[in-house]
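Notes follow the structure.
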Amino acid sequence: AAADPALCGVGAVVCVNDELHAARWVTMTDATGVCAMSSAPEPVLGHVHEGRAVISTVPPGRPPTVAGDPETDVALIKTYPGMDTTALTALVDAGVRGVVIEGTGAGNVPVGLLAAIDELTGWGIPVVVASRARTRRAPLDELGLGASLAGKVGAVSAYGLSPAKARVALMVALGTGGVEAVRDWFSRL
């Protein structure tokens with residue numbers, strides 16, 4: 001598959017079990033199974049058939065370019081119901097430059113964190129909300145009440161990226177500037 005001209009210009013691809021997955025969409029769903037990878041809710045990019053790569057859907061576009069260097073001091077926090085702001089406060093005190101919050105469901109964030117998200121974005125520290133469950137590529141206000149509230153206080157949508165991928169994307173996006181530059185960069189993913 002790697003040498004097949006059909007994949008030229010498609011971007012990073014994962015080939016497993018004769019399936020071709022766009023790296024941006026793929027996630028390991030079973031650490032021990034043969035069918036360990038999935039791109040859901042996005043489609044499989046294509047297949048390997050008789051030794052040839054066959055593309056069956058439009059691959060994701062290239063990520064937006066950045067002029068600056070990636071920021072390495074970006075945190076990833078897993079949330080839980082009733083969570084207070086202690087973890088976020090400690091990160092700010094340690095000098096973190098950006099935070100990815102792993103919300104539940106469709107990116108739901110505990111209500112107790114909303115004021116802290118508002119403060120962080122006001123201080124120029126971008127907060128990106130990703131879901132531990134797979135979500136479609138959408139702004140926070142389209143994902144449901146918990147995510148929508150986070151968006152209203154300044155959080156940035158991960159646009160369907162997994163929390164770990166959103167962290168790397170935020171590292172790159174911070175090379176473009178502050179909160180609004182990051183918001184714009186993620187919206188163009």
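If you're wondering about the labels, chains in the structure tokens are A, B, ... by order shown, residues count from 1 in each chain, ligands from 1 in order shown.
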Taking the DSSP secondary structure from the backbone, can you list the residues of segment 10-100 of chain A that are strand (DSSP E or B), as a ChimeraX atom specification? /A:13-16,19-22,27-28,37-38,46-49,52-55,74-78,98-100
Proximity check segment 81-129 of chain A to segment 136-143 of chain A, 10 Å, nearest pairs one decimal Å, only C-alpha atoms, as a Markdown table:
```
| residue | atom | partner | partner_atom | distance |
| --- | --- | --- | --- | --- |
| A:Gly105 | CA | A:Leu143 | CA | 9.3 |
| A:Ala106 | CA | A:Leu143 | CA | 5.8 |
| A:Gly107 | CA | A:Leu143 | CA | 7.3 |
| A:Asn108 | CA | A:Leu143 | CA | 8.6 |
| A:Val128 | CA | A:Leu140 | CA | 9.9 |
| A:Val129 | CA | A:Leu140 | CA | 8.0 |
```
Check the smallest atom-to-atom distance from each of A:Gly11, A:Gly124, A:Gly160, A:Pro63 to Glu42 of chain A using only C-alpha atoms, then report the winner.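 Smallest separation from Glu42 of chain A among the options: A:Gly160.
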Calculated over only C-alpha atoms, which of the candidates A:Lys165, A:Ala150, A:Asp4, A:Leu145 has the smallest distance to Glu50 of chain A?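 With only C-alpha atoms as the atom set, the closest residue is A:Asp4.
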Rank nothing, just name the residue among A:Ser38, A:Gly146, A:Glu71, A:Val92 nearest to Thr121 of chain A, using only C-alpha atoms. A:Val92
Helix (DSSP H, G or I) call set, DSSP backbone run, chain A, as an MDAnalysis selection string: chainID A and resid 5:7 86:93 111:122 140:142 145:152 163:176 179:187
How about saving the chosen residues, C-alpha atoms kept, as a PDB file, in the first residue's frame?
```
ATOM      1  CA  PRO A   5       0.517   5.620  -6.513  1.00  0.00           C
ATOM      2  CA  ALA A   6      -3.174   5.744  -5.499  1.00  0.00           C
ATOM      3  CA  LEU A   7      -2.055   6.920  -2.051  1.00  0.00           C
ATOM      4  CA  THR A  86      -7.893  21.784  41.621  1.00  0.00           C
ATOM      5  CA  ALA A  87      -6.226  20.043  38.666  1.00  0.00           C
ATOM      6  CA  LEU A  88      -6.671  23.041  36.361  1.00  0.00           C
ATOM      7  CA  THR A  89      -5.393  25.435  39.021  1.00  0.00           C
ATOM      8  CA  ALA A  90      -2.287  23.317  39.569  1.00  0.00           C
ATOM      9  CA  LEU A  91      -1.580  23.276  35.832  1.00  0.00           C
ATOM     10  CA  VAL A  92      -1.863  27.041  35.560  1.00  0.00           C
ATOM     11  CA  ASP A  93       0.407  27.457  38.578  1.00  0.00           C
ATOM     12  CA  VAL A 111     -20.210  22.301  35.484  1.00  0.00           C
ATOM     13  CA  GLY A 112     -17.624  22.996  38.192  1.00  0.00           C
ATOM     14  CA  LEU A 113     -14.976  23.537  35.495  1.00  0.00           C
ATOM     15  CA  LEU A 114     -16.860  26.129  33.453  1.00  0.00           C
ATOM     16  CA  ALA A 115     -15.686  29.153  35.453  1.00  0.00           C
ATOM     17  CA  ALA A 116     -12.090  27.891  35.303  1.00  0.00           C
ATOM     18  CA  ILE A 117     -12.334  27.448  31.517  1.00  0.00           C
ATOM     19  CA  ASP A 118     -13.605  31.017  31.254  1.00  0.00           C
ATOM     20  CA  GLU A 119     -10.693  32.289  33.381  1.00  0.00           C
ATOM     21  CA  LEU A 120      -8.056  30.303  31.476  1.00  0.00           C
ATOM     22  CA  THR A 121      -9.206  31.514  28.067  1.00  0.00           C
ATOM     23  CA  GLY A 122      -9.389  35.047  29.463  1.00  0.00           C
ATOM     24  CA  LEU A 140     -19.041  22.392  20.664  1.00  0.00           C
ATOM     25  CA  ASP A 141     -22.453  24.048  20.370  1.00  0.00           C
ATOM     26  CA  GLU A 142     -23.595  21.235  18.057  1.00  0.00           C
ATOM     27  CA  LEU A 145     -25.579  20.742  26.388  1.00  0.00           C
ATOM     28  CA  GLY A 146     -22.373  19.965  28.340  1.00  0.00           C
ATOM     29  CA  ALA A 147     -20.114  20.674  25.386  1.00  0.00           C
ATOM     30  CA  SER A 148     -22.190  23.679  24.368  1.00  0.00           C
ATOM     31  CA  LEU A 149     -21.784  25.267  27.806  1.00  0.00           C
ATOM     32  CA  ALA A 150     -18.007  24.802  27.600  1.00  0.00           C
ATOM     33  CA  GLY A 151     -18.052  26.498  24.207  1.00  0.00           C
ATOM     34  CA  LYS A 152     -20.039  29.433  25.572  1.00  0.00           C
ATOM     35  CA  PRO A 163      -8.048  13.610  23.299  1.00  0.00           C
ATOM     36  CA  ALA A 164      -4.470  12.451  22.617  1.00  0.00           C
ATOM     37  CA  LYS A 165      -4.602  13.692  19.016  1.00  0.00           C
ATOM     38  CA  ALA A 166      -6.218  16.944  20.177  1.00  0.00           C
ATOM     39  CA  ARG A 167      -3.275  17.483  22.548  1.00  0.00           C
ATOM     40  CA  VAL A 168      -0.764  17.163  19.698  1.00  0.00           C
ATOM     41  CA  ALA A 169      -2.944  19.398  17.513  1.00  0.00           C
ATOM     42  CA  LEU A 170      -3.063  22.025  20.280  1.00  0.00           C
ATOM     43  CA  MET A 171       0.732  21.880  20.575  1.00  0.00           C
ATOM     44  CA  VAL A 172       0.937  22.696  16.863  1.00  0.00           C
ATOM     45  CA  ALA A 173      -1.899  25.245  16.891  1.00  0.00           C
ATOM     46  CA  LEU A 174      -0.228  27.228  19.668  1.00  0.00           C
ATOM     47  CA  GLY A 175       2.493  27.979  17.110  1.00  0.00           C
ATOM     48  CA  THR A 176      -0.061  30.231  15.397  1.00  0.00           C
ATOM     49  CA  VAL A 179      -6.733  31.546  21.989  1.00  0.00           C
ATOM     50  CA  GLU A 180      -8.406  33.033  18.898  1.00  0.00           C
ATOM     51  CA  ALA A 181      -5.646  31.779  16.587  1.00  0.00           C
ATOM     52  CA  VAL A 182      -6.020  28.304  18.105  1.00  0.00           C
ATOM     53  CA  ARG A 183      -9.817  28.458  17.719  1.00  0.00           C
ATOM     54  CA  ASP A 184      -9.409  29.404  14.048  1.00  0.00           C
ATOM     55  CA  TRP A 185      -6.773  26.697  13.454  1.00  0.00           C
ATOM     56  CA  PHE A 186      -8.976  23.944  14.934  1.00  0.00           C
ATOM     57  CA  SER A 187     -12.010  25.108  12.946  1.00  0.00           C
TER      58      SER A 187
END
```
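Between atom CA of Cys15 of chain A and atom CA of Thr32 of chain A the separation is 16.6 Å.
Atom CA of Gly177 of chain A is positioned 20.3 Å from atom CA of Ala130 of chain A.
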Could you give me, as a list in words, the residues within 7 Å of Pro110 of chain A, counting only C-alpha atoms and dropping anything in the same chain fewer than 5 positions from it? Tyr80, Pro81, Gly82 and Met83 of chain A
Work out how far apart atom CA of Thr57 of chain A and atom CA of Ala158 of chain A are and give it in Å to one decimal. 22.1 Å
Shell of 10 Å around Met28 of chain A, only C-alpha atoms, local chain residues under 5 positions omitted, as a PDB file with C-alpha atoms, in the first residue's frame:
```
ATOM      1  CA  GLY A  33      -7.926  -8.422  18.241  1.00  0.00           C
ATOM      2  CA  CYS A  35      -9.777  -6.051  13.700  1.00  0.00           C
ATOM      3  CA  ALA A  36      -8.109  -3.630  16.091  1.00  0.00           C
ATOM      4  CA  MET A  37      -8.574  -0.320  14.263  1.00  0.00           C
ATOM      5  CA  SER A  38     -11.610   1.784  13.445  1.00  0.00           C
ATOM      6  CA  SER A  39     -12.192   5.159  11.824  1.00  0.00           C
TER       7      SER A  39
END
```
Determine, counting only C-alpha atoms, which protein, DNA and RNA residues have an atom within 8 Å of an atom of Ile125 of chain A; residues of the same chain fewer than 6 positions away are not included. Present the result as a PyMOL selection string. chain A and resi 96-99+178-179
Just the selected residues (N, CA and C atoms), exported as a tab-separated table (two decimals), in the first residue's frame, please.
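Okay, this is what ended up in selection.tsv:
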```
chain	number	residue	atom	x	y	z
A	96	VAL	N	1.43	25.95	32.49
A	96	VAL	CA	0.94	25.30	31.28
A	96	VAL	C	0.50	26.36	30.26
A	97	ARG	N	0.70	26.07	28.96
A	97	ARG	CA	0.35	27.02	27.89
A	97	ARG	C	-0.95	26.68	27.20
A	98	GLY	N	-1.44	25.46	27.40
A	98	GLY	CA	-2.70	25.03	26.81
A	98	GLY	C	-3.19	23.78	27.51
A	99	VAL	N	-4.50	23.55	27.45
A	99	VAL	CA	-5.10	22.39	28.13
A	99	VAL	C	-6.09	21.72	27.19
A	178	GLY	N	-2.43	32.94	20.08
A	178	GLY	CA	-3.21	32.74	21.30
A	178	GLY	C	-4.52	32.02	21.07
A	179	VAL	N	-5.47	32.27	21.97
A	179	VAL	CA	-6.73	31.55	21.99
A	179	VAL	C	-7.49	31.67	20.67
```
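Among A:Val34, A:Val127, A:Val58, A:Val44, the residue with the shortest atom-to-atom distance to Val74 of chain A, counting only C-alpha atoms, is A:Val127.
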